[in-house]
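Asks: This one is data-v2.tsv, TSV, C-alpha atoms.
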```tsv
chain	number	residue	atom	x	y	z
A	1	MET	CA	23.14	-44.26	19.62
A	2	LYS	CA	19.89	-43.19	21.34
A	3	LYS	CA	18.03	-45.91	19.42
A	4	LEU	CA	20.58	-48.46	20.60
A	5	PHE	CA	20.14	-47.43	24.25
A	6	LEU	CA	16.35	-47.50	23.84
A	7	GLY	CA	16.52	-50.97	22.35
A	8	VAL	CA	18.69	-52.25	25.19
A	9	ALA	CA	16.35	-50.71	27.76
A	10	LEU	CA	13.30	-52.29	26.13
A	11	LEU	CA	15.02	-55.66	25.98
A	12	PHE	CA	16.00	-55.42	29.64
A	13	SER	CA	12.45	-54.43	30.58
A	14	ALA	CA	10.98	-57.34	28.64
A	15	THR	CA	13.41	-59.75	30.31
A	16	VAL	CA	12.51	-58.49	33.77
A	17	LEU	CA	8.79	-58.83	32.99
A	18	ALA	CA	9.32	-62.38	31.75
A	19	ASN	CA	11.25	-63.27	34.88
A	20	GLU	CA	8.59	-61.65	37.07
A	21	ALA	CA	5.85	-63.73	35.43
A	22	GLU	CA	7.77	-66.96	35.94
A	23	ILE	CA	8.69	-66.07	39.52
A	24	ARG	CA	5.06	-65.31	40.36
A	25	ARG	CA	3.87	-68.50	38.66
A	26	ASN	CA	6.29	-70.69	40.59
A	27	LEU	CA	6.18	-68.98	43.98
A	28	GLU	CA	2.55	-67.99	44.52
A	29	PRO	CA	1.29	-71.57	45.01
A	30	LYS	CA	4.00	-72.08	47.66
A	31	ILE	CA	3.44	-69.12	49.98
A	32	GLY	CA	0.22	-70.13	51.67
A	33	GLY	CA	-2.14	-67.58	50.21
A	34	ALA	CA	0.03	-64.52	50.89
A	35	LYS	CA	0.14	-61.94	48.13
A	36	ILE	CA	3.22	-61.18	46.04
A	37	GLU	CA	3.17	-57.41	45.96
A	38	SER	CA	6.16	-56.80	43.71
A	39	VAL	CA	9.10	-58.44	41.95
A	40	GLN	CA	12.12	-56.43	40.90
A	41	SER	CA	15.77	-56.89	40.02
A	42	THR	CA	18.57	-56.31	42.54
A	43	PRO	CA	22.18	-55.14	42.14
A	44	ILE	CA	23.18	-58.83	41.97
A	45	SER	CA	22.74	-60.25	38.48
A	46	GLY	CA	20.15	-63.04	38.40
A	47	VAL	CA	18.83	-62.32	41.91
A	48	PHE	CA	15.38	-60.78	42.31
A	49	GLU	CA	13.65	-59.13	45.23
A	50	VAL	CA	10.17	-60.44	46.05
A	51	VAL	CA	7.93	-58.44	48.37
A	52	ILE	CA	5.17	-60.47	49.98
A	53	ARG	CA	2.31	-58.75	51.76
A	54	ALA	CA	1.39	-60.82	54.81
A	55	ALA	CA	-0.96	-60.11	57.70
A	56	GLU	CA	1.94	-58.75	59.76
A	57	GLY	CA	3.06	-56.43	56.98
A	58	PRO	CA	5.51	-56.56	54.04
A	59	GLN	CA	8.25	-59.18	53.96
A	60	ILE	CA	11.27	-59.22	51.64
A	61	TYR	CA	12.75	-62.36	50.12
A	62	TYR	CA	15.20	-62.99	47.32
A	63	THR	CA	14.98	-65.56	44.54
A	64	ASP	CA	16.57	-66.68	41.31
A	65	SER	CA	15.20	-65.80	37.86
A	66	THR	CA	12.79	-68.76	37.86
A	67	GLY	CA	11.52	-68.65	41.44
A	68	SER	CA	13.05	-72.05	42.18
A	69	PHE	CA	14.98	-70.93	45.26
A	70	ILE	CA	14.19	-68.55	48.12
A	71	ILE	CA	16.71	-66.63	50.23
A	72	ASN	CA	15.47	-65.25	53.55
A	73	GLY	CA	17.92	-62.68	54.88
A	74	SER	CA	19.49	-59.26	54.40
A	75	MET	CA	21.42	-58.03	51.39
A	76	PHE	CA	24.42	-55.82	52.17
A	77	ASP	CA	26.40	-53.56	49.87
A	78	VAL	CA	29.86	-54.11	51.37
A	79	LYS	CA	31.61	-51.33	49.45
A	80	GLN	CA	29.11	-48.70	50.56
A	81	SER	CA	28.40	-50.26	54.00
A	82	ARG	CA	24.65	-50.25	53.31
A	83	ASP	CA	21.99	-52.69	54.43
A	84	LEU	CA	19.93	-52.70	51.22
A	85	THR	CA	17.18	-54.85	52.72
A	86	ARG	CA	16.69	-52.52	55.65
A	87	GLU	CA	16.58	-49.50	53.35
A	88	ARG	CA	13.90	-51.16	51.22
A	89	MET	CA	11.91	-52.19	54.27
A	90	GLN	CA	11.95	-48.61	55.54
A	91	LYS	CA	10.46	-47.46	52.24
A	92	LEU	CA	7.86	-50.24	52.20
A	93	THR	CA	6.71	-49.50	55.75
A	94	ALA	CA	6.86	-45.70	55.51
A	95	ILE	CA	3.69	-43.81	56.41
A	96	ASP	CA	2.23	-40.34	56.19
A	97	PHE	CA	3.17	-39.07	59.63
A	98	LYS	CA	0.49	-36.38	59.49
A	99	LYS	CA	-2.20	-39.08	59.40
A	100	LEU	CA	-1.20	-40.62	62.72
A	101	PRO	CA	-3.88	-40.06	65.41
A	102	LEU	CA	-1.54	-38.32	67.83
A	103	ASP	CA	-4.45	-37.58	70.14
A	104	LEU	CA	-4.25	-41.25	71.15
A	105	ALA	CA	-0.63	-40.86	72.29
A	106	VAL	CA	1.04	-39.70	75.48
A	107	LYS	CA	3.12	-36.63	74.67
A	108	VAL	CA	6.56	-36.44	76.28
A	109	GLN	CA	8.51	-33.26	75.51
A	110	ARG	CA	12.03	-32.19	76.40
A	111	GLY	CA	13.33	-28.72	75.60
A	112	ASN	CA	11.70	-27.03	72.62
A	113	GLY	CA	10.55	-30.39	71.22
A	114	LYS	CA	11.67	-29.65	67.64
A	115	ARG	CA	12.76	-33.23	66.99
A	116	VAL	CA	9.66	-35.41	66.78
A	117	ILE	CA	8.94	-39.13	66.74
A	118	ALA	CA	5.91	-41.33	67.29
A	119	MET	CA	6.69	-44.54	69.14
A	120	PHE	CA	4.85	-47.78	69.82
A	121	SER	CA	6.14	-49.02	73.15
A	122	ASP	CA	5.36	-51.52	75.90
A	123	PRO	CA	6.56	-50.44	79.36
A	124	TYR	CA	7.57	-54.02	80.15
A	125	CYS	CA	9.59	-54.55	76.98
A	126	PRO	CA	13.33	-54.64	77.90
A	127	ALA	CA	14.37	-53.12	74.56
A	128	CYS	CA	11.81	-50.32	75.07
A	129	ARG	CA	13.17	-49.53	78.50
A	130	GLN	CA	16.69	-49.42	77.07
A	131	PHE	CA	15.50	-47.11	74.28
A	132	GLU	CA	13.99	-44.78	76.88
A	133	ARG	CA	17.53	-44.26	78.20
A	134	ALA	CA	18.65	-43.23	74.72
A	135	LEU	CA	15.67	-40.88	74.36
A	136	ALA	CA	16.57	-39.24	77.67
A	137	GLN	CA	19.90	-38.18	76.14
A	138	ILE	CA	18.28	-36.27	73.26
A	139	ASN	CA	17.65	-32.59	73.79
A	140	ASP	CA	14.71	-30.76	72.22
A	141	ILE	CA	12.60	-33.81	71.42
A	142	THR	CA	8.90	-34.61	71.41
A	143	VAL	CA	7.94	-38.26	71.73
A	144	TYR	CA	4.36	-39.28	71.02
A	145	VAL	CA	4.04	-42.57	72.86
A	146	PHE	CA	1.45	-45.00	71.58
A	147	MET	CA	1.14	-47.35	74.55
A	148	TYR	CA	1.23	-50.83	73.05
A	149	PRO	CA	1.03	-53.47	75.80
A	150	VAL	CA	1.77	-56.62	73.82
A	151	ILE	CA	4.75	-58.05	75.74
A	152	ARG	CA	2.82	-58.48	78.98
A	153	PRO	CA	-0.81	-57.93	77.98
A	154	GLU	CA	-1.94	-58.94	81.46
A	155	ASN	CA	-0.50	-55.58	82.59
A	156	ALA	CA	-2.38	-53.51	80.02
A	157	ASP	CA	-4.23	-51.77	82.86
A	158	HIS	CA	-0.95	-50.15	83.87
A	159	SER	CA	-0.89	-48.35	80.51
A	160	ARG	CA	-4.54	-47.43	80.96
A	161	ALA	CA	-3.68	-46.00	84.39
A	162	VAL	CA	-1.00	-43.83	82.73
A	163	TRP	CA	-3.70	-42.29	80.56
A	164	CYS	CA	-5.92	-41.74	83.61
A	165	SER	CA	-3.12	-39.94	85.50
A	166	PRO	CA	-3.14	-36.14	85.88
A	167	ASP	CA	0.39	-35.94	84.41
A	168	ARG	CA	0.51	-38.60	81.69
A	169	ALA	CA	4.07	-37.90	80.62
A	170	LYS	CA	5.41	-38.30	84.16
A	171	ALA	CA	3.30	-41.40	84.75
A	172	TRP	CA	4.63	-42.97	81.56
A	173	LEU	CA	8.27	-42.22	82.39
A	174	ASP	CA	7.82	-43.50	85.95
A	175	LEU	CA	6.40	-46.73	84.56
A	176	ALA	CA	8.52	-47.25	81.45
A	177	ALA	CA	11.83	-45.48	82.09
A	178	ALA	CA	12.53	-45.66	85.82
A	179	ALA	CA	14.99	-48.22	87.18
A	180	LYS	CA	12.00	-50.03	88.66
A	181	PRO	CA	8.54	-49.66	87.07
A	182	LYS	CA	6.25	-47.49	89.19
A	183	ILE	CA	2.61	-48.36	88.55
A	184	PRO	CA	0.44	-45.23	88.47
A	185	ASP	CA	-1.85	-44.62	91.43
A	186	ALA	CA	-4.68	-43.56	89.12
A	187	PRO	CA	-7.46	-46.08	88.49
A	188	ALA	CA	-7.52	-47.61	85.01
A	189	ARG	CA	-11.22	-46.94	84.52
A	190	CYS	CA	-11.22	-43.64	82.62
A	191	ASP	CA	-11.94	-43.43	78.89
A	192	ASN	CA	-8.58	-44.45	77.39
A	193	PRO	CA	-7.18	-45.21	73.91
A	194	VAL	CA	-5.23	-48.42	74.62
A	195	ASP	CA	-7.54	-50.72	72.65
A	196	LYS	CA	-7.59	-48.25	69.75
A	197	VAL	CA	-3.79	-48.11	69.79
A	198	LEU	CA	-3.58	-51.91	69.70
A	199	ALA	CA	-5.82	-51.88	66.62
A	200	LEU	CA	-3.75	-49.08	65.06
A	201	GLY	CA	-0.51	-50.97	65.61
A	202	ARG	CA	-1.92	-54.10	64.03
A	203	SER	CA	-3.13	-52.12	61.02
A	204	LEU	CA	0.40	-50.73	60.55
A	205	GLY	CA	2.01	-54.15	60.95
A	206	VAL	CA	3.78	-53.22	64.18
A	207	ASN	CA	4.90	-56.62	65.43
A	208	SER	CA	7.73	-55.69	67.78
A	209	THR	CA	8.53	-52.96	70.27
A	210	PRO	CA	9.89	-50.40	70.25
A	211	THR	CA	8.86	-49.30	66.77
A	212	PHE	CA	9.04	-45.62	65.97
A	213	TYR	CA	8.35	-43.30	63.05
A	214	THR	CA	10.10	-40.06	62.20
A	215	THR	CA	8.27	-37.07	60.73
A	216	SER	CA	9.51	-38.14	57.29
A	217	GLY	CA	7.42	-41.30	57.71
A	218	GLU	CA	10.37	-43.68	57.99
A	219	ARG	CA	9.95	-46.61	60.34
A	220	PHE	CA	12.60	-47.96	62.71
A	221	THR	CA	12.31	-51.11	64.78
A	222	GLY	CA	14.29	-52.07	67.86
A	223	GLY	CA	15.48	-48.67	69.02
A	224	LEU	CA	18.79	-46.92	68.40
A	225	ALA	CA	21.74	-45.67	70.41
A	226	ALA	CA	21.54	-41.98	71.30
A	227	ALA	CA	24.13	-40.84	68.75
A	228	ASP	CA	22.47	-42.78	65.92
A	229	LEU	CA	19.04	-41.58	66.97
A	230	ARG	CA	20.15	-37.94	66.97
A	231	ASP	CA	21.51	-38.37	63.45
A	232	VAL	CA	18.27	-39.99	62.23
A	233	LEU	CA	16.14	-37.22	63.75
A	234	ASP	CA	18.25	-34.43	62.31
A	235	LYS	CA	18.08	-36.01	58.84
A	236	ALA	CA	14.31	-36.44	59.16
A	237	GLN	CA	13.95	-32.72	59.83
A	238	GLU	CA	15.72	-31.97	56.56
A	239	LYS	CA	13.34	-34.08	54.47
A	240	PRO	CA	10.11	-32.65	53.03
A	241	ARG	CA	6.97	-33.66	54.92
```
Would you encode the structure as structure tokens?
Replies:
Amino acid sequence: MKKLFLGVALLFSATVLANEAEIRRNLEPKIGGAKIESVQSTPISGVFEVVIRAAEGPQIYYTDSTGSFIINGSMFDVKQSRDLTRERMQKLTAIDFKKLPLDLAVKVQRGNGKRVIAMFSDPYCPACRQFERALAQINDITVYVFMYPVIRPENADHSRAVWCSPDRAKAWLDLAAAAKPKIPDAPARCDNPVDKVLALGRSLGVNSTPTFYTTSGERFTGGLAAADLRDVLDKAQEKPR
């Protein structure tokens, strides 16, 4: 019986490898020089996941066994209510949180700060401002804000002025979370990390704001409601770092 299972496994593996070779052969000339990072089977028979590494980071597509068709979209497991594409993307974009240069971030702490995230945010991004309202509802949280002025780059000096302020956390919240943005009074001429943060975000493939990372290294894009965020943070604390 063990030999039978081994034979089936080897046959399946060989079939997947054959499909991968054909998929790569047919797709690579069509994707404009981007690199196919991986090809693997999915829960749907005959449908394969293709991960392409582009300048803006990993992208997930789906194809048939020959690479003749491409599907651009999310795959959902209806029975388990799971977004399989999102779960895969979180794994593909996960980082080692300990390697983030947190000295380049504005630290905002509420309570004992035991829940921790690092966030790339633009103070003039509507979704970021909405997410700040969710963050304000979380007790005992530390937010490392990487100021990422990409929505209105002409206002990048406002983020620089936050860094030059005597109370950076207050200056950030006044600018990014208040009903009406309050530009800091501090001049934007001090030594500041904004350009370094822009380079860091590009290297991580951060192409929208807000984007945040939990201490487990998982990446989330677009913000979350307070209840969902609290659940994500509590689960992140339970995972090994």
Asks: Restricting the calculation to only C-alpha atoms, which member of A:Asp122, A:Glu22, A:Asp77, A:Asp234 is positioned closest to Ala177 of chain A?
Replies: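 So, comparing all the options, the nearest one is A:Asp122.
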Asks: Determine, counting all atoms listed in the file, every residue of protein, DNA or RNA that lies within 10 Å of (21.8, -60.4, 42.7) in the file coordinates, then give the result as a ChimeraX atom specification.
Replies: /A:41-49,62-65,75
Asks: Using atom CA of Val39 of chain A and atom CA of Val51 of chain A as the two end points, give the distance in Å to one decimal.
Replies: 6.5 Å
Asks: To one decimal in Å, tell me the separation between atom CA of Leu135 of chain A and atom CA of Pro193 of chain A.
Replies: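 Atom-to-atom, atom CA of Leu135 of chain A and atom CA of Pro193 of chain A are spaced 23.3 Å apart.
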Asks: Excluding Tyr213 of chain A and any residue of its chain fewer than 5 positions from it, enumerate the residues within 10 Å of it, using only C-alpha atoms, and give them as a ChimeraX atom specification.
Replies: /A:90,93-97,100,116-120,144,218-221,233,236
Asks: Neighbouring residues of Thr209 of chain A were defined as those with any atom within 12 Å, considering only C-alpha atoms; residues of the same chain fewer than 5 positions away were excluded. Please report them as a PyMOL selection string.
Replies: chain A and resi 119-132+145-152+201+219-223
Asks: Choose the residue, out of A:Ile31, A:Leu229, A:Ala105, A:Cys190, that has the smallest atom-to-atom separation from Ile52 of chain A; count all atoms listed in the file.
Replies: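 Checking each of A:Ile31, A:Leu229, A:Ala105, A:Cys190 against Ile52 of chain A, counting all atoms listed in the file, the winner is A:Ile31.
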Asks: So which one's closest to Asp140 of chain A, A:Lys180, A:Arg24, A:Ser159, A:Lys114? Using all atoms listed in the file, please.
Replies: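 Among the listed residues, the smallest separation from Asp140 of chain A belongs to A:Lys114.
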Asks: May I ask which of the residues A:Pro58, A:Gly111, A:Gly32, A:Gly205 is the closest one to Lys91 of chain A, counting only C-alpha atoms?
Replies: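 Smallest separation from Lys91 of chain A among the options: A:Pro58.
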Asks: Given the choices A:Ala225, A:Ile138, A:Val106, A:Ser38, which gets closest to Ala171 of chain A if the distance is worked out from all atoms listed in the file?
Replies: A:Val106
Asks: Please indicate the distance in Å from atom CA of Arg88 of chain A to atom CA of Pro29 of chain A, rounded to one decimal place.
Replies: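 Separating atom CA of Arg88 of chain A from atom CA of Pro29 of chain A is a distance of 24.8 Å.
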Asks: Write out as a PyMOL selection string the residues lying within 10 Å of Asn26 of chain A, counting all atoms listed in the file and excluding same-chain residues fewer than 4 positions away.
Replies: chain A and resi 20-22+30-31+66-69
Asks: Those same residues - C-alpha atoms - I'd like them written as a PDB file, keeping the file's coordinate frame.
Replies:
```pdb
ATOM      1  CA  GLU A  20       8.590 -61.650  37.070  1.00  0.00           C
ATOM      2  CA  ALA A  21       5.850 -63.730  35.430  1.00  0.00           C
ATOM      3  CA  GLU A  22       7.770 -66.960  35.940  1.00  0.00           C
ATOM      4  CA  LYS A  30       4.000 -72.080  47.660  1.00  0.00           C
ATOM      5  CA  ILE A  31       3.440 -69.120  49.980  1.00  0.00           C
ATOM      6  CA  THR A  66      12.790 -68.760  37.860  1.00  0.00           C
ATOM      7  CA  GLY A  67      11.520 -68.650  41.440  1.00  0.00           C
ATOM      8  CA  SER A  68      13.050 -72.050  42.180  1.00  0.00           C
ATOM      9  CA  PHE A  69      14.980 -70.930  45.260  1.00  0.00           C
TER      10      PHE A  69
END
```
Asks: Of the candidates A:Ala54, A:Val108, A:Cys164, A:Ala136, which shows the shortest atom-to-atom distance to Val194 of chain A, using all atoms listed in the file?
Replies: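 Among A:Ala54, A:Val108, A:Cys164, A:Ala136, it is A:Cys164 that comes nearest to Val194 of chain A.
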Asks: Using all atoms listed in the file, determine which residues lie at most 10 Å from Gly73 of chain A, disregarding the query and same-chain residues fewer than 3 positions distant; provide the list as a list of chain:residue names.
Replies: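 Contacts, with the query itself left out: A:Ile60, A:Tyr61, A:Tyr62, A:Ile70, A:Phe76, A:Thr85.
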Asks: Specify the axis-aligned box that encloses all atoms of segment 149-154 of chain A listed in the file after padding of 6 Å on each side, stating its centre and edge lengths in Å to one decimal as lines of an AutoDock Vina configuration file.
Replies:
```
center_x = 1.4
center_y = -56.2
center_z = 77.6
size_x = 18.7
size_y = 17.5
size_z = 19.6
```
Asks: For Gln109 of chain A, list every protein, DNA or RNA residue within 7 Å, evaluated using all atoms listed in the file, and leave out those in the same chain fewer than 6 positions away; present the list as a PyMOL selection string.
Replies: chain A and resi 141-143
